[in-house]
Amino acid sequence: ALQAKEDMLRARLAPTVVTYTAAMSACGRSAHWEAVLSLFHDMAAAHVAANAVTHVAVLGALERSRRWQLAVEFSDGLWRSGLMRQAPTYNAAITAIGKGLAWGQALHLKEQMLKSAVLPNTITYSAAISICGKGAQWRISVGLLEEMRQRGVPANLITYSSVVSALERGRLWWQAVAMLDEVRSVKLEVDTVTYGA
C-alpha cells in the first residue's frame with residue numbers, strides 16, 4: 001500500500017482521499033498503526049481532505065493495535081474540529097477506546113453523539129454495553145439496554161450477549177437467565193455465544 005502511494009508520487013499523480021484511505025486500511029489490517037498515522041498526516045500535508053471512511057480506517061488501525069489512548073486523542077481532535085459527524089466514526093472510536101476498557105470515555109463519546117445530533121444506533125449501544133460489562137459496570141450495561149428501548153433502537157443478539165456477559169461478571173446469574181428468556185421472547189435465535197456469555 002505504501003509502495004503504491006510512492007509509485008503514484010513518482011509518476012506525478014496526486015493521491016486522492018480514496019488512495020490514501022485504501023493505503024491506511026491495508027496498513028491498519030496489519031496493525032501498522034504508525035504507518036496509518038503517517039499516511040493521515042501526509043494526507044493533511046498534501047491538502048487532501050479526509051472523510052468519515054478515512055477516520056474509521058485510522059480508528060480501526062488503532063483498535064487492532066490496542067492503542068486506545070491514541071484513539072481517545074484522535075477522537076477528541078476530530079470532535080474539536082467538528083469532524084465527528086457520523087455514527088460510523090463514533091462507533092469506531094467507541095470500539096477502539098473499548099480495547100482499553102475505558103468505559104467512561106466510551107460513554108462520554110456516546111453523549112457527544114447526542115449533543116452533536118448524531119443518533120446512537122445498535123452498534124453504538126452494543127459496543128458501549130460490551131465495554132461497560134468488561135469494565136465490571138453491569139448496572140450501566142443494563143441501563144444502556146433500557147435506554148435503547150426508550151429511544152426505539154433495536155437490540156440484536158450481540159447486544160443481549162453483551163448484557164448477559166455483564167450480568168455474569170456481576171455474578172447476577174438469575175438476571176442473566178431472565179435476559180436469555182427475554183432474548184427468546186423477542187424471537188432472536190440464541191446461539192452458543194449467548195449461552196456461553
# chains A, B, ... in the order shown; residues from 1 in each chain; ligands from 1
>>> residues_around(residues="Leu107 (chain A)", least_positions_apart="4", cutoff="7 Å", atoms="only C-alpha atoms", output="list in words")
Trp103, Glu111 and Ala128 of chain A
>>> residues_around(residues="Ala106 (chain A)", least_positions_apart="5", cutoff="12 Å", atoms="only C-alpha atoms", output="PyMOL selection string")
chain A and resi 68-69+71-72+75-76+90-101+111-113+124-132+135+140
>>> write_last_selection(atoms="C-alpha atoms", output="PDB file, in the first residue's frame")
ATOM      1  CA  TRP A  68      -6.792   3.116  22.785  1.00  0.00           C
ATOM      2  CA  GLN A  69      -5.108   6.178  24.294  1.00  0.00           C
ATOM      3  CA  ALA A  71      -7.852   6.617  19.755  1.00  0.00           C
ATOM      4  CA  VAL A  72      -9.046   8.920  22.566  1.00  0.00           C
ATOM      5  CA  SER A  75     -11.386  11.207  18.535  1.00  0.00           C
ATOM      6  CA  ASP A  76     -11.068  14.305  20.684  1.00  0.00           C
ATOM      7  CA  TYR A  90     -18.312   7.480  16.666  1.00  0.00           C
ATOM      8  CA  ASN A  91     -18.826   3.702  16.636  1.00  0.00           C
ATOM      9  CA  ALA A  92     -15.237   3.107  15.503  1.00  0.00           C
ATOM     10  CA  ALA A  93     -13.976   5.448  18.228  1.00  0.00           C
ATOM     11  CA  ILE A  94     -16.063   3.765  20.938  1.00  0.00           C
ATOM     12  CA  THR A  95     -14.876   0.325  19.836  1.00  0.00           C
ATOM     13  CA  ALA A  96     -11.214   1.407  19.705  1.00  0.00           C
ATOM     14  CA  ILE A  97     -11.415   3.051  23.120  1.00  0.00           C
ATOM     15  CA  GLY A  98     -13.086  -0.072  24.447  1.00  0.00           C
ATOM     16  CA  LYS A  99      -9.900  -2.053  23.911  1.00  0.00           C
ATOM     17  CA  GLY A 100      -8.541  -0.189  26.914  1.00  0.00           C
ATOM     18  CA  LEU A 101     -11.709  -0.833  28.906  1.00  0.00           C
ATOM     19  CA  GLU A 111     -23.100  11.552  24.959  1.00  0.00           C
ATOM     20  CA  GLN A 112     -21.120  13.684  22.489  1.00  0.00           C
ATOM     21  CA  MET A 113     -23.053  11.952  19.715  1.00  0.00           C
ATOM     22  CA  THR A 124     -23.118   2.222  19.298  1.00  0.00           C
ATOM     23  CA  TYR A 125     -25.104   0.764  22.152  1.00  0.00           C
ATOM     24  CA  SER A 126     -23.774  -2.772  21.712  1.00  0.00           C
ATOM     25  CA  ALA A 127     -20.176  -1.526  21.814  1.00  0.00           C
ATOM     26  CA  ALA A 128     -20.833   0.632  24.890  1.00  0.00           C
ATOM     27  CA  ILE A 129     -22.679  -2.202  26.669  1.00  0.00           C
ATOM     28  CA  SER A 130     -19.821  -4.602  25.945  1.00  0.00           C
ATOM     29  CA  ILE A 131     -17.172  -2.154  27.184  1.00  0.00           C
ATOM     30  CA  CYS A 132     -19.103  -1.387  30.367  1.00  0.00           C
ATOM     31  CA  GLY A 135     -15.248  -2.972  32.966  1.00  0.00           C
ATOM     32  CA  ILE A 140     -24.590   0.742  33.294  1.00  0.00           C
TER      33      ILE A 140
END
>>> residues_around(residues="region 13-27 of chain A", least_positions_apart="5", cutoff="12 Å", atoms="only C-alpha atoms", output="tab-separated table (two decimals) with all heavy atoms, in the first residue's frame")
chain	number	residue	atom	x	y	z
A	1	ALA	N	0.83	-1.19	0.00
A	1	ALA	CA	0.00	0.00	0.00
A	1	ALA	C	0.87	1.25	0.00
A	1	ALA	O	0.60	2.21	-0.72
A	1	ALA	CB	-0.93	-0.01	1.20
A	2	LEU	N	1.88	1.24	0.85
A	2	LEU	CA	2.78	2.40	0.89
A	2	LEU	C	3.56	2.53	-0.41
A	2	LEU	O	3.80	3.63	-0.89
A	2	LEU	CB	3.73	2.28	2.08
A	2	LEU	CG	3.07	2.36	3.46
A	2	LEU	CD1	4.10	2.07	4.55
A	2	LEU	CD2	2.43	3.70	3.67
A	3	GLN	N	3.92	1.38	-0.99
A	3	GLN	CA	4.66	1.40	-2.26
A	3	GLN	C	3.80	1.99	-3.37
A	3	GLN	O	4.28	2.76	-4.20
A	3	GLN	CB	5.12	-0.01	-2.64
A	3	GLN	CG	5.98	-0.06	-3.88
A	3	GLN	CD	7.26	0.75	-3.73
A	3	GLN	OE1	7.95	0.65	-2.72
A	3	GLN	NE2	7.56	1.58	-4.71
A	4	ALA	N	2.53	1.66	-3.38
A	4	ALA	CA	1.63	2.20	-4.40
A	4	ALA	C	1.55	3.73	-4.29
A	4	ALA	O	1.55	4.43	-5.31
A	4	ALA	CB	0.24	1.59	-4.24
A	5	LYS	N	1.51	4.22	-3.06
A	5	LYS	CA	1.49	5.68	-2.86
A	5	LYS	C	2.79	6.29	-3.41
A	5	LYS	O	2.75	7.30	-4.12
A	5	LYS	CB	1.33	6.02	-1.39
A	5	LYS	CG	1.33	7.51	-1.14
A	5	LYS	CD	1.48	7.79	0.35
A	5	LYS	CE	2.09	9.14	0.51
A	5	LYS	NZ	3.24	9.22	1.31
A	6	GLU	N	3.91	5.68	-3.11
A	6	GLU	CA	5.20	6.18	-3.59
A	6	GLU	C	5.26	6.14	-5.12
A	6	GLU	O	5.77	7.08	-5.76
A	6	GLU	CB	6.36	5.39	-2.98
A	6	GLU	CG	6.51	5.56	-1.49
A	6	GLU	CD	6.71	7.00	-1.07
A	6	GLU	OE1	7.47	7.73	-1.75
A	6	GLU	OE2	6.10	7.41	-0.07
A	7	ASP	N	4.74	5.08	-5.72
A	7	ASP	CA	4.72	4.96	-7.19
A	7	ASP	C	3.89	6.09	-7.80
A	7	ASP	O	4.26	6.66	-8.83
A	7	ASP	CB	4.17	3.61	-7.62
A	7	ASP	CG	5.11	2.46	-7.28
A	7	ASP	OD1	6.31	2.72	-6.97
A	7	ASP	OD2	4.64	1.30	-7.29
A	8	MET	N	2.76	6.40	-7.17
A	8	MET	CA	1.92	7.49	-7.68
A	8	MET	C	2.66	8.82	-7.63
A	8	MET	O	2.60	9.61	-8.56
A	8	MET	CB	0.63	7.59	-6.85
A	8	MET	CG	-0.37	6.49	-7.13
A	8	MET	SD	-1.89	6.75	-6.21
A	8	MET	CE	-2.60	8.11	-7.13
A	32	HIS	N	-0.40	-1.91	11.53
A	32	HIS	CA	0.71	-0.96	11.37
A	32	HIS	C	0.18	0.45	11.63
A	32	HIS	O	0.08	1.28	10.72
A	32	HIS	CB	1.30	-1.07	9.96
A	32	HIS	CG	1.98	-2.36	9.71
A	32	HIS	ND1	3.24	-2.64	10.20
A	32	HIS	CD2	1.59	-3.47	9.04
A	32	HIS	CE1	3.60	-3.86	9.83
A	32	HIS	NE2	2.60	-4.39	9.14
A	33	TRP	N	-0.13	0.71	12.89
A	33	TRP	CA	-0.76	1.98	13.25
A	33	TRP	C	0.13	3.18	12.98
A	33	TRP	O	-0.36	4.24	12.63
A	33	TRP	CB	-1.23	1.94	14.70
A	33	TRP	CG	-0.12	1.81	15.69
A	33	TRP	CD1	0.43	0.65	16.16
A	33	TRP	CD2	0.57	2.87	16.34
A	33	TRP	NE1	1.42	0.93	17.06
A	33	TRP	CE2	1.54	2.29	17.19
A	33	TRP	CE3	0.48	4.26	16.29
A	33	TRP	CZ2	2.40	3.04	17.98
A	33	TRP	CZ3	1.33	5.01	17.08
A	33	TRP	CH2	2.28	4.40	17.91
A	34	GLU	N	1.45	2.99	13.12
A	34	GLU	CA	2.36	4.12	12.86
A	34	GLU	C	2.27	4.55	11.40
A	34	GLU	O	2.24	5.75	11.10
A	34	GLU	CB	3.81	3.76	13.19
A	34	GLU	CG	4.06	3.41	14.64
A	34	GLU	CD	4.11	1.90	14.85
A	34	GLU	OE1	3.49	1.14	14.07
A	34	GLU	OE2	4.75	1.48	15.82
A	35	ALA	N	2.23	3.57	10.49
A	35	ALA	CA	2.12	3.88	9.06
A	35	ALA	C	0.79	4.57	8.76
A	35	ALA	O	0.73	5.49	7.94
A	35	ALA	CB	2.27	2.61	8.23
A	36	VAL	N	-0.26	4.13	9.43
A	36	VAL	CA	-1.59	4.73	9.23
A	36	VAL	C	-1.57	6.20	9.64
A	36	VAL	O	-2.03	7.08	8.91
A	36	VAL	CB	-2.68	3.95	9.98
A	36	VAL	CG1	-4.01	4.67	9.93
A	36	VAL	CG2	-2.81	2.54	9.41
A	37	LEU	N	-1.01	6.48	10.81
A	37	LEU	CA	-0.95	7.87	11.27
A	37	LEU	C	-0.05	8.71	10.37
A	37	LEU	O	-0.34	9.87	10.09
A	37	LEU	CB	-0.49	7.94	12.72
A	37	LEU	CG	-1.50	7.42	13.75
A	37	LEU	CD1	-0.90	7.51	15.16
A	37	LEU	CD2	-2.81	8.17	13.68
A	38	SER	N	1.03	8.11	9.89
A	38	SER	CA	1.92	8.81	8.97
A	38	SER	C	1.19	9.18	7.67
A	38	SER	O	1.29	10.31	7.18
A	38	SER	CB	3.15	7.95	8.66
A	38	SER	OG	3.97	8.58	7.72
A	39	LEU	N	0.43	8.23	7.15
A	39	LEU	CA	-0.35	8.50	5.94
A	39	LEU	C	-1.40	9.58	6.20
A	39	LEU	O	-1.64	10.44	5.35
A	39	LEU	CB	-1.03	7.22	5.44
A	39	LEU	CG	-0.12	6.23	4.73
A	39	LEU	CD1	-0.80	4.86	4.63
A	39	LEU	CD2	0.24	6.76	3.35
A	40	PHE	N	-2.01	9.54	7.37
A	40	PHE	CA	-3.02	10.55	7.71
A	40	PHE	C	-2.39	11.94	7.71
A	40	PHE	O	-2.95	12.90	7.18
A	40	PHE	CB	-3.67	10.23	9.06
A	40	PHE	CG	-4.80	11.14	9.41
A	40	PHE	CD1	-6.04	11.00	8.81
A	40	PHE	CD2	-4.62	12.17	10.32
A	40	PHE	CE1	-7.09	11.85	9.12
A	40	PHE	CE2	-5.67	13.02	10.65
A	40	PHE	CZ	-6.90	12.86	10.04
A	41	HIS	N	-1.19	12.05	8.29
A	41	HIS	CA	-0.50	13.35	8.33
A	41	HIS	C	-0.02	13.76	6.93
A	41	HIS	O	-0.10	14.95	6.58
A	41	HIS	CB	0.65	13.31	9.33
A	41	HIS	CG	0.18	13.17	10.75
A	41	HIS	ND1	-0.63	14.09	11.36
A	41	HIS	CD2	0.38	12.19	11.66
A	41	HIS	CE1	-0.91	13.70	12.60
A	41	HIS	NE2	-0.30	12.54	12.79
A	42	ASP	N	0.44	12.78	6.14
A	42	ASP	CA	0.84	13.07	4.75
A	42	ASP	C	-0.36	13.61	3.96
A	42	ASP	O	-0.22	14.53	3.15
A	42	ASP	CB	1.35	11.81	4.04
A	42	ASP	CG	2.70	11.34	4.55
A	42	ASP	OD1	3.34	12.06	5.35
A	42	ASP	OD2	3.11	10.23	4.16
A	43	MET	N	-1.50	13.02	4.21
A	43	MET	CA	-2.73	13.42	3.52
A	43	MET	C	-3.05	14.88	3.83
A	43	MET	O	-3.36	15.66	2.93
A	43	MET	CB	-3.85	12.49	3.99
A	43	MET	CG	-5.13	12.61	3.28
A	43	MET	SD	-6.23	11.32	3.93
A	43	MET	CE	-7.71	11.77	3.09
A	44	ALA	N	-2.96	15.24	5.11
A	44	ALA	CA	-3.23	16.62	5.51
A	44	ALA	C	-2.21	17.57	4.89
A	44	ALA	O	-2.57	18.64	4.40
A	44	ALA	CB	-3.22	16.74	7.03
A	45	ALA	N	-0.94	17.15	4.89
A	45	ALA	CA	0.11	17.99	4.32
A	45	ALA	C	-0.09	18.20	2.82
A	45	ALA	O	0.28	19.25	2.27
A	45	ALA	CB	1.48	17.38	4.58
A	46	ALA	N	-0.68	17.20	2.15
A	46	ALA	CA	-0.93	17.29	0.71
A	46	ALA	C	-2.26	18.02	0.42
A	46	ALA	O	-2.68	18.11	-0.74
A	46	ALA	CB	-0.95	15.90	0.08
A	47	HIS	N	-2.93	18.50	1.48
A	47	HIS	CA	-4.21	19.21	1.36
A	47	HIS	C	-5.30	18.34	0.73
A	47	HIS	O	-6.12	18.82	-0.05
A	47	HIS	CB	-4.06	20.53	0.58
A	47	HIS	CG	-3.03	21.43	1.19
A	47	HIS	ND1	-3.24	22.08	2.38
A	47	HIS	CD2	-1.78	21.76	0.78
A	47	HIS	CE1	-2.17	22.78	2.69
A	47	HIS	NE2	-1.26	22.62	1.74
A	48	VAL	N	-5.26	17.06	1.07
A	48	VAL	CA	-6.32	16.14	0.66
A	48	VAL	C	-7.24	15.98	1.87
A	48	VAL	O	-6.80	15.55	2.94
A	48	VAL	CB	-5.74	14.77	0.22
A	48	VAL	CG1	-6.87	13.81	-0.12
A	48	VAL	CG2	-4.79	14.95	-0.96
A	49	ALA	N	-8.49	16.36	1.70
A	49	ALA	CA	-9.45	16.32	2.81
A	49	ALA	C	-9.84	14.88	3.14
A	49	ALA	O	-10.21	14.11	2.26
A	49	ALA	CB	-10.69	17.12	2.46
A	50	ALA	N	-9.73	14.55	4.42
A	50	ALA	CA	-10.16	13.23	4.89
A	50	ALA	C	-11.68	13.19	4.96
A	50	ALA	O	-12.33	14.22	5.06
A	50	ALA	CB	-9.55	12.95	6.26
A	51	ASN	N	-12.22	11.99	4.94
A	51	ASN	CA	-13.66	11.83	5.09
A	51	ASN	C	-13.94	10.83	6.22
A	51	ASN	O	-13.01	10.36	6.88
A	51	ASN	CB	-14.32	11.41	3.77
A	51	ASN	CG	-13.80	10.08	3.24
A	51	ASN	OD1	-13.29	9.26	3.99
A	51	ASN	ND2	-13.93	9.87	1.94
A	52	ALA	N	-15.20	10.52	6.44
A	52	ALA	CA	-15.56	9.61	7.53
A	52	ALA	C	-14.92	8.24	7.36
A	52	ALA	O	-14.50	7.61	8.34
A	52	ALA	CB	-17.08	9.47	7.62
A	53	VAL	N	-14.81	7.76	6.13
A	53	VAL	CA	-14.18	6.46	5.88
A	53	VAL	C	-12.71	6.49	6.29
A	53	VAL	O	-12.19	5.54	6.88
A	53	VAL	CB	-14.35	6.05	4.40
A	53	VAL	CG1	-13.67	4.73	4.10
A	53	VAL	CG2	-15.83	5.97	4.03
A	54	THR	N	-12.06	7.61	6.02
A	54	THR	CA	-10.66	7.78	6.43
A	54	THR	C	-10.55	7.72	7.95
A	54	THR	O	-9.69	7.01	8.49
A	54	THR	CB	-10.11	9.14	5.94
A	54	THR	OG1	-10.36	9.28	4.55
A	54	THR	CG2	-8.63	9.26	6.21
A	55	HIS	N	-11.42	8.44	8.64
A	55	HIS	CA	-11.39	8.46	10.10
A	55	HIS	C	-11.64	7.07	10.68
A	55	HIS	O	-10.97	6.66	11.64
A	55	HIS	CB	-12.40	9.46	10.65
A	55	HIS	CG	-12.16	10.86	10.17
A	55	HIS	ND1	-13.17	11.74	9.91
A	55	HIS	CD2	-11.01	11.52	9.88
A	55	HIS	CE1	-12.67	12.89	9.50
A	55	HIS	NE2	-11.36	12.78	9.46
A	56	VAL	N	-12.57	6.34	10.09
A	56	VAL	CA	-12.86	4.97	10.55
A	56	VAL	C	-11.63	4.08	10.31
A	56	VAL	O	-11.30	3.23	11.15
A	56	VAL	CB	-14.12	4.41	9.85
A	56	VAL	CG1	-14.28	2.92	10.09
A	56	VAL	CG2	-15.36	5.17	10.33
A	57	ALA	N	-10.93	4.28	9.20
A	57	ALA	CA	-9.72	3.48	8.92
A	57	ALA	C	-8.64	3.74	9.98
A	57	ALA	O	-7.99	2.80	10.46
A	57	ALA	CB	-9.18	3.80	7.53
A	58	VAL	N	-8.46	5.00	10.35
A	58	VAL	CA	-7.46	5.33	11.38
A	58	VAL	C	-7.88	4.71	12.72
A	58	VAL	O	-7.07	4.05	13.39
A	58	VAL	CB	-7.29	6.86	11.52
A	58	VAL	CG1	-6.41	7.20	12.72
A	58	VAL	CG2	-6.71	7.46	10.25
A	59	LEU	N	-9.13	4.89	13.10
A	59	LEU	CA	-9.60	4.35	14.38
A	59	LEU	C	-9.55	2.82	14.39
A	59	LEU	O	-9.22	2.22	15.41
A	59	LEU	CB	-11.01	4.86	14.68
A	59	LEU	CG	-11.06	6.35	15.04
A	59	LEU	CD1	-12.47	6.89	14.90
A	59	LEU	CD2	-10.51	6.58	16.44
A	60	GLY	N	-9.85	2.20	13.26
A	60	GLY	CA	-9.77	0.74	13.17
A	60	GLY	C	-8.35	0.24	13.37
A	60	GLY	O	-8.11	-0.77	14.03
A	61	ALA	N	-7.39	0.95	12.80
A	61	ALA	CA	-5.98	0.58	12.98
A	61	ALA	C	-5.57	0.72	14.44
A	61	ALA	O	-4.86	-0.14	14.99
A	61	ALA	CB	-5.09	1.45	12.09
A	62	LEU	N	-6.01	1.78	15.08
A	62	LEU	CA	-5.70	1.98	16.50
A	62	LEU	C	-6.36	0.92	17.36
A	62	LEU	O	-5.77	0.44	18.33
A	62	LEU	CB	-6.10	3.39	16.94
A	62	LEU	CG	-5.34	4.53	16.25
A	62	LEU	CD1	-5.93	5.89	16.64
A	62	LEU	CD2	-3.85	4.47	16.55
A	64	ARG	N	-7.15	-2.25	16.37
A	64	ARG	CA	-6.45	-3.52	16.16
A	64	ARG	C	-5.08	-3.54	16.84
A	64	ARG	O	-4.59	-4.59	17.23
A	64	ARG	CB	-6.32	-3.82	14.67
A	64	ARG	CG	-7.61	-4.35	14.06
A	64	ARG	CD	-7.46	-4.77	12.61
A	64	ARG	NE	-7.48	-3.68	11.67
A	64	ARG	CZ	-8.53	-2.92	11.39
A	64	ARG	NH1	-9.67	-3.14	11.99
A	64	ARG	NH2	-8.45	-1.97	10.49
A	65	SER	N	-4.48	-2.37	16.98
A	65	SER	CA	-3.17	-2.27	17.61
A	65	SER	C	-3.27	-2.05	19.12
A	65	SER	O	-2.25	-1.92	19.79
A	65	SER	CB	-2.39	-1.11	16.99
A	65	SER	OG	-2.27	-1.27	15.61
>>> select_by_dssp(residues="chain A", states="alpha helix (DSSP H)", output="number ranges by chain")
A: 2-10, 17-29, 33-45, 52-64, 68-80, 87-98, 103-115, 122-134, 138-151, 157-169, 173-185, 192-196
>>> closest_residue(among="A:Thr122, A:Gln150, A:Thr89, A:Ser162", to="Ala176 (chain A)", atoms="only C-alpha atoms")
A:Ser162
>>> atom_distance(atom1="CA of Gly28 (chain A)", atom2="CA of Pro120 (chain A)")
25.0 Å
>>> residues_around(residues="Glu168 (chain A)", least_positions_apart="5", cutoff="10 Å", atoms="only C-alpha atoms", output="JSON, numbers by chain")
{"A": [133, 136, 138, 162, 163, 173, 174, 175, 176, 177, 196, 197]}
>>> write_last_selection(atoms="all heavy atoms", output="compact mmCIF listing (two decimals), in the first residue's frame")
# COMPACT_ATOMS: atom_id res chain seq x y z
N GLY A 133 -19.64 -3.75 30.41
CA GLY A 133 -19.67 -5.09 31.01
C GLY A 133 -18.28 -5.61 31.32
O GLY A 133 -18.03 -6.14 32.41
N ALA A 136 -16.71 -4.22 34.45
CA ALA A 136 -17.44 -4.53 35.69
C ALA A 136 -18.51 -3.48 36.00
O ALA A 136 -18.81 -3.20 37.17
CB ALA A 136 -16.47 -4.70 36.87
N TRP A 138 -21.95 -3.58 35.28
CA TRP A 138 -23.14 -4.26 34.81
C TRP A 138 -24.38 -3.36 34.91
O TRP A 138 -25.26 -3.43 34.06
CB TRP A 138 -23.35 -5.59 35.53
CG TRP A 138 -23.63 -5.47 36.99
CD1 TRP A 138 -22.72 -5.51 38.01
CD2 TRP A 138 -24.90 -5.27 37.60
NE1 TRP A 138 -23.35 -5.35 39.21
CE2 TRP A 138 -24.70 -5.21 39.00
CE3 TRP A 138 -26.20 -5.14 37.11
CZ2 TRP A 138 -25.74 -5.03 39.89
CZ3 TRP A 138 -27.24 -4.95 38.00
CH2 TRP A 138 -27.01 -4.90 39.38
N SER A 162 -23.90 -9.22 25.18
CA SER A 162 -23.05 -8.33 25.97
C SER A 162 -23.68 -8.05 27.34
O SER A 162 -22.97 -8.00 28.35
CB SER A 162 -22.81 -7.01 25.22
OG SER A 162 -22.08 -7.25 24.05
N VAL A 163 -25.00 -7.89 27.38
CA VAL A 163 -25.68 -7.67 28.66
C VAL A 163 -25.59 -8.93 29.51
O VAL A 163 -25.29 -8.86 30.72
CB VAL A 163 -27.15 -7.23 28.46
CG1 VAL A 163 -27.90 -7.17 29.80
CG2 VAL A 163 -27.22 -5.88 27.76
N TRP A 173 -26.58 -14.26 38.23
CA TRP A 173 -26.99 -15.38 37.40
C TRP A 173 -28.47 -15.36 37.08
O TRP A 173 -28.87 -15.62 35.94
CB TRP A 173 -26.62 -16.71 38.07
CG TRP A 173 -25.19 -16.77 38.47
CD1 TRP A 173 -24.67 -16.70 39.73
CD2 TRP A 173 -24.05 -16.87 37.58
NE1 TRP A 173 -23.30 -16.76 39.68
CE2 TRP A 173 -22.89 -16.86 38.38
CE3 TRP A 173 -23.90 -16.95 36.21
CZ2 TRP A 173 -21.62 -16.95 37.86
CZ3 TRP A 173 -22.63 -17.03 35.68
CH2 TRP A 173 -21.51 -17.03 36.50
N TRP A 174 -29.30 -15.06 38.09
CA TRP A 174 -30.75 -15.07 37.87
C TRP A 174 -31.16 -14.01 36.85
O TRP A 174 -32.05 -14.25 36.04
CB TRP A 174 -31.50 -14.89 39.19
CG TRP A 174 -31.36 -13.52 39.79
CD1 TRP A 174 -32.24 -12.49 39.66
CD2 TRP A 174 -30.29 -13.02 40.56
NE1 TRP A 174 -31.78 -11.37 40.31
CE2 TRP A 174 -30.57 -11.67 40.87
CE3 TRP A 174 -29.10 -13.55 41.03
CZ2 TRP A 174 -29.72 -10.87 41.62
CZ3 TRP A 174 -28.25 -12.75 41.78
CH2 TRP A 174 -28.57 -11.43 42.06
N GLN A 175 -30.49 -12.85 36.85
CA GLN A 175 -30.82 -11.83 35.86
C GLN A 175 -30.30 -12.23 34.48
O GLN A 175 -30.93 -11.91 33.46
CB GLN A 175 -30.25 -10.48 36.27
CG GLN A 175 -31.03 -9.86 37.42
CD GLN A 175 -30.53 -8.47 37.76
OE1 GLN A 175 -29.33 -8.22 37.74
NE2 GLN A 175 -31.45 -7.58 38.07
N ALA A 176 -29.18 -12.92 34.44
CA ALA A 176 -28.64 -13.39 33.16
C ALA A 176 -29.61 -14.40 32.54
O ALA A 176 -29.87 -14.35 31.33
CB ALA A 176 -27.26 -14.01 33.34
N VAL A 177 -30.15 -15.29 33.35
CA VAL A 177 -31.12 -16.27 32.86
C VAL A 177 -32.39 -15.56 32.39
O VAL A 177 -32.94 -15.89 31.33
CB VAL A 177 -31.42 -17.33 33.94
CG1 VAL A 177 -32.61 -18.21 33.53
CG2 VAL A 177 -30.19 -18.19 34.21
N GLY A 196 -22.87 -19.08 26.28
CA GLY A 196 -21.55 -19.10 26.89
C GLY A 196 -21.16 -17.80 27.54
O GLY A 196 -20.16 -17.73 28.27
N ALA A 197 -21.93 -16.73 27.29
CA ALA A 197 -21.59 -15.43 27.88
C ALA A 197 -21.68 -15.53 29.38
O ALA A 197 -20.98 -14.96 30.12
CB ALA A 197 -22.54 -14.35 27.36
>>> atom_distance(atom1="CA of Arg29 (chain A)", atom2="CA of Val118 (chain A)")
27.3 Å
>>> closest_residue(among="A:Lys134, A:Glu73, A:Arg171, A:Leu119", to="Ala102 (chain A)", atoms="only C-alpha atoms")
A:Lys134
>>> closest_residue(among="A:Gly170, A:Ser116, A:Arg66, A:Asn121", to="Trp79 (chain A)", atoms="only C-alpha atoms")
A:Ser116
